[in-house]
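Engineer: Next up, structure06.cif (mmCIF, C-alpha atoms).
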```cif
data_my_file
loop_
_atom_site.label_atom_id
_atom_site.label_comp_id
_atom_site.auth_asym_id
_atom_site.auth_seq_id
_atom_site.Cartn_x
_atom_site.Cartn_y
_atom_site.Cartn_z
CA MET A 1 -75.46 -72.39 36.50
CA SER A 2 -78.27 -74.75 37.38
CA VAL A 3 -80.28 -76.72 34.84
CA GLN A 4 -83.34 -74.64 35.74
CA GLU A 5 -81.48 -71.37 35.08
CA ARG A 6 -80.21 -72.67 31.75
CA LYS A 7 -83.73 -73.70 30.72
CA GLN A 8 -85.10 -70.30 31.70
CA ARG A 9 -82.37 -68.57 29.71
CA GLU A 10 -83.06 -70.78 26.68
CA ARG A 11 -86.79 -70.13 26.96
CA ALA A 12 -86.23 -66.37 27.14
CA GLY A 13 -83.94 -66.61 24.10
CA ARG A 14 -86.59 -68.49 22.10
CA GLU A 15 -89.18 -65.91 23.06
CA ARG A 16 -86.92 -63.05 21.92
CA LEU A 17 -86.29 -64.92 18.66
CA ILE A 18 -90.03 -65.38 18.04
CA VAL A 19 -90.73 -61.69 18.67
CA ALA A 20 -87.78 -60.50 16.57
CA THR A 21 -88.75 -62.80 13.70
CA ALA A 22 -92.39 -61.72 13.82
CA ARG A 23 -91.33 -58.10 13.83
CA GLU A 24 -88.94 -58.60 10.92
CA LEU A 25 -91.53 -60.49 8.88
CA ALA A 26 -94.21 -57.87 9.61
CA GLU A 27 -91.89 -55.01 8.62
CA GLN A 28 -90.97 -56.80 5.37
CA GLN A 29 -94.35 -58.20 4.31
CA GLY A 30 -97.02 -56.85 6.65
CA TRP A 31 -98.82 -58.44 9.58
CA ASP A 32 -100.94 -60.67 7.32
CA ALA A 33 -97.74 -62.55 6.47
CA VAL A 34 -97.08 -63.32 10.15
CA THR A 35 -98.53 -66.74 10.89
CA THR A 36 -97.47 -69.31 13.44
CA ARG A 37 -96.61 -71.68 10.61
CA ARG A 38 -94.31 -69.16 8.90
CA LEU A 39 -92.74 -68.17 12.19
CA ALA A 40 -92.10 -71.80 13.11
CA GLU A 41 -90.45 -72.37 9.73
CA ARG A 42 -88.28 -69.27 10.02
CA ILE A 43 -87.05 -69.93 13.54
CA GLU A 44 -86.77 -73.67 12.92
CA TYR A 45 -88.95 -74.73 15.83
CA SER A 46 -92.26 -76.56 15.72
CA GLN A 47 -95.58 -74.77 16.06
CA PRO A 48 -96.14 -76.39 19.49
CA VAL A 49 -92.94 -74.70 20.68
CA LEU A 50 -94.35 -71.37 19.50
CA TYR A 51 -97.59 -72.06 21.31
CA SER A 52 -95.67 -72.87 24.48
CA HIS A 53 -94.57 -69.20 24.47
CA PHE A 54 -97.55 -67.43 22.93
CA ARG A 55 -101.16 -68.56 22.59
CA GLY A 56 -101.31 -67.14 19.10
CA LYS A 57 -100.66 -64.21 16.81
CA ARG A 58 -102.53 -61.77 19.07
CA GLU A 59 -100.07 -62.35 21.91
CA ILE A 60 -97.13 -62.04 19.52
CA ILE A 61 -98.49 -58.70 18.32
CA GLY A 62 -98.80 -57.66 21.96
CA ALA A 63 -95.18 -58.63 22.64
CA VAL A 64 -94.02 -56.60 19.62
CA ALA A 65 -96.14 -53.66 20.84
CA LEU A 66 -94.55 -53.77 24.29
CA GLN A 67 -91.08 -53.92 22.78
CA GLY A 68 -91.93 -50.98 20.52
CA ALA A 69 -93.33 -48.95 23.42
CA ALA A 70 -90.11 -49.45 25.36
CA GLU A 71 -88.07 -48.35 22.33
CA MET A 72 -90.28 -45.33 21.77
CA ALA A 73 -89.93 -44.25 25.41
CA VAL A 74 -86.13 -44.40 25.12
CA ALA A 75 -86.17 -42.42 21.87
CA LEU A 76 -88.50 -39.74 23.28
CA ARG A 77 -86.46 -39.29 26.44
CA ALA A 78 -83.24 -39.09 24.45
CA VAL A 79 -84.43 -36.23 22.25
CA ALA A 80 -86.07 -34.42 25.15
CA SER A 81 -82.90 -34.54 27.24
CA ALA A 82 -80.88 -33.12 24.35
CA ALA A 83 -83.15 -30.08 23.93
CA ASP A 84 -82.40 -26.98 25.98
CA ALA A 85 -85.77 -25.20 26.08
CA PRO A 86 -89.46 -26.15 26.35
CA ARG A 87 -90.32 -25.35 22.72
CA ALA A 88 -87.29 -27.24 21.45
CA ARG A 89 -88.24 -30.25 23.66
CA VAL A 90 -91.82 -30.33 22.39
CA THR A 91 -90.69 -30.00 18.77
CA ALA A 92 -88.09 -32.74 19.27
CA LEU A 93 -90.70 -35.01 20.87
CA ALA A 94 -93.09 -34.52 17.97
CA ARG A 95 -90.39 -35.22 15.39
CA ALA A 96 -89.11 -38.27 17.27
CA TYR A 97 -92.62 -39.71 17.58
CA LEU A 98 -93.35 -39.23 13.88
CA ASP A 99 -89.92 -40.56 12.90
CA PHE A 100 -90.48 -43.68 15.03
CA ALA A 101 -93.85 -44.29 13.36
CA GLU A 102 -92.34 -43.84 9.90
CA ARG A 103 -89.27 -46.03 10.52
CA ASN A 104 -91.21 -48.83 12.26
CA PRO A 105 -94.61 -49.08 10.57
CA ALA A 106 -95.35 -52.68 11.61
CA VAL A 107 -94.31 -52.02 15.20
CA TYR A 108 -96.40 -48.85 15.22
CA ASP A 109 -99.35 -50.85 13.93
CA ALA A 110 -98.82 -53.43 16.67
CA MET A 111 -98.78 -50.64 19.25
CA PHE A 112 -101.78 -48.65 18.09
CA GLN A 113 -103.72 -50.26 15.25
CA LEU A 114 -103.86 -54.01 15.87
CA ASP A 115 -105.35 -56.04 18.68
CA GLY A 116 -102.46 -57.26 20.78
CA GLY A 117 -104.67 -57.93 23.77
CA LEU A 118 -103.19 -55.01 25.70
CA ALA A 119 -105.13 -52.64 27.93
CA PHE A 120 -104.62 -48.92 27.44
CA ALA A 121 -105.43 -46.23 29.99
CA LYS A 122 -106.47 -48.76 32.60
CA GLU A 123 -105.21 -50.08 35.90
CA ASP A 124 -103.74 -53.17 34.22
CA THR A 125 -102.01 -51.34 31.38
CA PRO A 126 -98.59 -52.96 30.91
CA GLU A 127 -95.66 -50.95 32.22
CA PRO A 128 -93.97 -50.33 28.82
CA LEU A 129 -97.15 -48.65 27.53
CA LYS A 130 -97.41 -46.51 30.67
CA ASP A 131 -93.75 -45.60 30.33
CA ALA A 132 -94.10 -44.50 26.69
CA PHE A 133 -96.97 -42.22 27.71
CA ALA A 134 -94.91 -40.99 30.67
CA ALA A 135 -92.05 -40.10 28.32
CA LEU A 136 -94.41 -37.65 26.63
CA LEU A 137 -96.09 -36.45 29.83
CA GLU A 138 -92.76 -35.67 31.54
CA ASN A 139 -92.00 -33.10 28.89
CA LEU A 140 -95.42 -31.83 27.87
CA GLY A 141 -96.71 -30.94 31.32
CA GLU A 142 -94.64 -27.76 31.35
CA VAL A 143 -96.31 -26.50 28.16
CA ALA A 144 -99.90 -27.52 28.84
CA GLY A 145 -100.92 -24.06 29.96
CA ASP A 146 -102.62 -22.72 33.06
CA GLY A 147 -105.61 -24.72 34.21
CA VAL A 148 -104.97 -27.56 31.75
CA HIS A 149 -104.35 -30.97 33.28
CA PRO A 150 -100.96 -32.19 31.98
CA ALA A 151 -102.20 -35.75 31.29
CA LEU A 152 -105.19 -34.46 29.32
CA PHE A 153 -102.93 -32.17 27.30
CA THR A 154 -100.57 -35.08 26.66
CA GLU A 155 -103.48 -37.21 25.41
CA VAL A 156 -104.55 -34.48 22.96
CA PHE A 157 -100.98 -33.92 21.77
CA TRP A 158 -100.45 -37.67 21.37
CA ALA A 159 -103.76 -37.97 19.45
CA ALA A 160 -102.63 -35.20 17.09
CA LEU A 161 -99.28 -36.95 16.53
CA HIS A 162 -101.03 -40.27 15.93
CA GLY A 163 -103.33 -38.63 13.42
CA LEU A 164 -100.40 -37.08 11.58
CA ALA A 165 -98.50 -40.37 11.56
CA THR A 166 -101.48 -42.38 10.37
CA LEU A 167 -102.68 -39.94 7.72
CA THR A 168 -99.17 -39.36 6.37
CA ARG A 169 -98.50 -43.08 6.08
CA ALA A 170 -101.82 -43.61 4.32
CA GLY A 171 -100.89 -40.94 1.76
CA ARG A 172 -103.73 -38.69 2.89
CA LEU A 173 -101.43 -35.72 3.59
CA PRO A 174 -98.96 -34.16 1.14
CA PRO A 175 -95.45 -35.26 2.16
CA GLY A 176 -93.83 -31.87 1.58
CA ASP A 177 -95.51 -30.17 4.53
CA ALA A 178 -94.48 -32.54 7.33
CA GLU A 179 -92.18 -30.04 9.05
CA ARG A 180 -94.75 -27.24 8.82
CA ARG A 181 -97.33 -29.52 10.44
CA VAL A 182 -95.03 -30.14 13.40
CA GLU A 183 -94.39 -26.39 13.75
CA LEU A 184 -98.11 -25.65 13.60
CA LEU A 185 -98.90 -28.33 16.16
CA VAL A 186 -96.30 -26.97 18.57
CA ASP A 187 -97.30 -23.33 17.95
CA ARG A 188 -101.02 -23.91 18.46
CA LEU A 189 -101.06 -26.47 21.28
CA ALA A 190 -98.03 -25.81 23.43
CA VAL A 191 -97.82 -22.76 25.67
CA VAL A 192 -94.16 -21.82 25.36
#
```
Could you take the file, read its structure, and then write that structure out as structure tokens?
Structural biologist:
Amino acid sequence: MSVQERKQRERAGRERLIVATARELAEQQGWDAVTTRRLAERIEYSQPVLYSHFRGKREIIGAVALQGAAEMAVALRAVASAADAPRARVTALARAYLDFAERNPAVYDAMFQLDGGLAFAKEDTPEPLKDAFAALLENLGEVAGDGVHPALFTEVFWAALHGLATLTRAGRLPPGDAERRVELLVDRLAVV
């Protein structure tokens, strides 16, 4: 292995460590606790080393968001491939999405609530974000209904899931009805 390859590998390892540490700190104490100073202390590198990878917290949030989007896409595809019928796939997608948001609140915030400097629904949208949307679209197109554009249906379904995730987490919805909400969403929106 050349010196250049070793340096690239070490750099990539430091970047993964920064992102993992930021994610861990955010999940434990919230995003306000994630500062470059605290990250530098936790990973035992100087702040200039952090800044050589990321220009600041915004870019770190963006990196966590991209990582989360990739994980969400994998989770959505896994549950969809395990379901044997359209209704079961849509229900599994909804549950998996809501479960991901509940299990990873700081990552979910990085993806959809905080400014990570990422473009959504644009030409320059990063690939992991496009792929997470595609993981929904691949399975929702078949239940959009006649004359309904599959991407538009997917946006509406996603918006409903996001609303449920956000309102549930904020304590605005009674926790006992979570499963009934998923059933109602699938029954009313999906044509199965």
Engineer: List the residues selected by the PyMOL selection byres ((chain A and resi 137-144) around 8) in the file shown, writing them as a list of chain:residue names.
Structural biologist: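 That selection, the PyMOL selection byres ((chain A and resi 137-144) around 8), comes back as A:Ala80, A:Pro86, A:Arg89, A:Val90, A:Phe133, A:Ala134, A:Ala135, A:Leu136, A:Gly145, A:Asp146, A:Val148, A:His149, A:Pro150, A:Ala151, A:Phe153, A:Thr154, A:Leu189, A:Ala190, A:Val191, A:Val192.
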Engineer: Pick the closest to A:Gly163 from A:Ala106, A:Arg188, A:Ala94, A:Ala69: which is it, counting only C-alpha atoms?
Structural biologist: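 Using only C-alpha atoms, A:Gly163 sits closest to A:Ala94.
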Engineer: Near stretch 107-116 of chain A, within 6 Å and counting only C-alpha atoms, which residues show up once chain neighbours fewer than 5 positions away are dropped, as a list in words?
Structural biologist: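 Within the cut-off, the hits are Arg58, Glu59, Ile61, Gly62, Ala65, Gly68 and Ala101 of chain A.
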Engineer: Can I get the selected residues back with C-alpha atoms, as a PDB file, keeping the file's coordinate frame?
Structural biologist:
```pdb
ATOM      1  CA  ARG A  58    -102.530 -61.770  19.070  1.00  0.00           C
ATOM      2  CA  GLU A  59    -100.070 -62.350  21.910  1.00  0.00           C
ATOM      3  CA  ILE A  61     -98.490 -58.700  18.320  1.00  0.00           C
ATOM      4  CA  GLY A  62     -98.800 -57.660  21.960  1.00  0.00           C
ATOM      5  CA  ALA A  65     -96.140 -53.660  20.840  1.00  0.00           C
ATOM      6  CA  GLY A  68     -91.930 -50.980  20.520  1.00  0.00           C
ATOM      7  CA  ALA A 101     -93.850 -44.290  13.360  1.00  0.00           C
TER       8      ALA A 101
END
```
Engineer: Between A:Lys122, A:Val34, A:Leu98, A:Gly171, which has the minimum distance to A:Trp158 (counting all atoms listed in the file)?
Structural biologist: A:Leu98
Engineer: What do you get, as a list in words, if you spell out every residue that the PyMOL selection byres ((chain A and resi 35-38) around 9) selects here?
Structural biologist: Ala22, Trp31, Asp32, Ala33, Val34, Leu39, Ala40, Glu41, Arg42, Ile43, Ser46, Gln47, Leu50, Tyr51, Gly56 and Lys57 of chain A
Engineer: Which residues come within 12 Å of A:Ala178, counting all atoms listed in the file, excluding same-chain residues fewer than 3 positions away, as a CSV table (one decimal) with C-alpha atoms, in the frame of the given file?
Structural biologist:
```csv
chain,number,residue,atom,x,y,z
A,94,ALA,CA,-93.1,-34.5,18.0
A,95,ARG,CA,-90.4,-35.2,15.4
A,98,LEU,CA,-93.4,-39.2,13.9
A,99,ASP,CA,-89.9,-40.6,12.9
A,102,GLU,CA,-92.3,-43.8,9.9
A,161,LEU,CA,-99.3,-37.0,16.5
A,164,LEU,CA,-100.4,-37.1,11.6
A,165,ALA,CA,-98.5,-40.4,11.6
A,167,LEU,CA,-102.7,-39.9,7.7
A,168,THR,CA,-99.2,-39.4,6.4
A,169,ARG,CA,-98.5,-43.1,6.1
A,171,GLY,CA,-100.9,-40.9,1.8
A,172,ARG,CA,-103.7,-38.7,2.9
A,173,LEU,CA,-101.4,-35.7,3.6
A,174,PRO,CA,-99.0,-34.2,1.1
A,175,PRO,CA,-95.4,-35.3,2.2
A,181,ARG,CA,-97.3,-29.5,10.4
A,182,VAL,CA,-95.0,-30.1,13.4
A,183,GLU,CA,-94.4,-26.4,13.8
A,184,LEU,CA,-98.1,-25.6,13.6
A,185,LEU,CA,-98.9,-28.3,16.2
```
Engineer: For atom CA of A:Val156 and atom CA of A:Met72, determine how far apart the two atoms are, in Å to one decimal place.
Structural biologist: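 Computed distance, atom CA of A:Val156 to atom CA of A:Met72, equals 18.0 Å.
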Engineer: What gap, in Å, lies between atom CA of A:Pro126 and atom CA of A:Lys7?
Structural biologist: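 Interatomic distance here is 25.5 Å.
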Engineer: Around all listed atoms of stretch 58-72 of chain A, padded 5 Å per side, what centre and edge lengths does the axis-aligned box have in Å to one decimal, as lines of an AutoDock Vina configuration file?
Structural biologist:
```
center_x = -95.3
center_y = -53.8
center_z = 21.8
size_x = 24.5
size_y = 27.0
size_z = 17.0
```
Engineer: When you count all atoms listed in the file, which of these residues is closest to A:Glu10: A:Glu27, A:Ala119, A:His53, A:Thr91?
Structural biologist: A:His53
Engineer: One decimal, Å: what's the distance from atom CA of A:Arg23 over to atom CA of A:Thr125, could you say?
Structural biologist: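 Answer for the atom CA of A:Arg23 to atom CA of A:Thr125 separation: 21.6 Å.
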Engineer: I need stretch 18-33 of chain A from the structure I supplied, saved as an mmCIF file, in the first residue's frame with N, CA and C atoms retained.
Structural biologist:
```
data_model
loop_
_atom_site.group_PDB
_atom_site.id
_atom_site.type_symbol
_atom_site.label_atom_id
_atom_site.label_comp_id
_atom_site.auth_asym_id
_atom_site.auth_seq_id
_atom_site.Cartn_x
_atom_site.Cartn_y
_atom_site.Cartn_z
ATOM 1 N N ILE A 18 -15.663 11.045 13.278
ATOM 2 C CA ILE A 18 -16.309 12.333 13.561
ATOM 3 C C ILE A 18 -17.824 12.197 13.430
ATOM 4 N N VAL A 19 -18.271 11.591 12.337
ATOM 5 C CA VAL A 19 -19.710 11.442 12.095
ATOM 6 C C VAL A 19 -20.336 10.525 13.149
ATOM 7 N N ALA A 20 -19.697 9.414 13.451
ATOM 8 C CA ALA A 20 -20.237 8.486 14.450
ATOM 9 C C ALA A 20 -20.303 9.136 15.827
ATOM 10 N N THR A 21 -19.295 9.911 16.165
ATOM 11 C CA THR A 21 -19.266 10.573 17.473
ATOM 12 C C THR A 21 -20.333 11.662 17.544
ATOM 13 N N ALA A 22 -20.487 12.421 16.479
ATOM 14 C CA ALA A 22 -21.532 13.452 16.444
ATOM 15 C C ALA A 22 -22.908 12.814 16.579
ATOM 16 N N ARG A 23 -23.099 11.744 15.876
ATOM 17 C CA ARG A 23 -24.385 11.040 15.921
ATOM 18 C C ARG A 23 -24.660 10.512 17.329
ATOM 19 N N GLU A 24 -23.673 9.898 17.928
ATOM 20 C CA GLU A 24 -23.816 9.353 19.279
ATOM 21 C C GLU A 24 -24.118 10.461 20.288
ATOM 22 N N LEU A 25 -23.383 11.543 20.202
ATOM 23 C CA LEU A 25 -23.589 12.672 21.111
ATOM 24 C C LEU A 25 -24.980 13.281 20.915
ATOM 25 N N ALA A 26 -25.395 13.429 19.663
ATOM 26 C CA ALA A 26 -26.720 13.991 19.379
ATOM 27 C C ALA A 26 -27.833 13.079 19.887
ATOM 28 N N GLU A 27 -27.665 11.772 19.731
ATOM 29 C CA GLU A 27 -28.691 10.841 20.216
ATOM 30 C C GLU A 27 -28.764 10.860 21.744
ATOM 31 N N GLN A 28 -27.614 11.049 22.405
ATOM 32 C CA GLN A 28 -27.589 11.045 23.867
ATOM 33 C C GLN A 28 -28.063 12.366 24.470
ATOM 34 N N GLN A 29 -27.613 13.496 23.871
ATOM 35 C CA GLN A 29 -27.831 14.793 24.510
ATOM 36 C C GLN A 29 -28.499 15.834 23.618
ATOM 37 N N GLY A 30 -28.800 15.497 22.400
ATOM 38 C CA GLY A 30 -29.419 16.449 21.478
ATOM 39 C C GLY A 30 -28.368 17.183 20.663
ATOM 40 N N TRP A 31 -28.817 17.764 19.554
ATOM 41 C CA TRP A 31 -27.895 18.431 18.633
ATOM 42 C C TRP A 31 -27.245 19.670 19.231
ATOM 43 N N ASP A 32 -27.877 20.308 20.212
ATOM 44 C CA ASP A 32 -27.244 21.478 20.836
ATOM 45 C C ASP A 32 -25.938 21.102 21.530
ATOM 46 N N ALA A 33 -25.834 19.855 21.953
ATOM 47 C CA ALA A 33 -24.616 19.402 22.638
ATOM 48 C C ALA A 33 -23.471 19.119 21.665
#
```
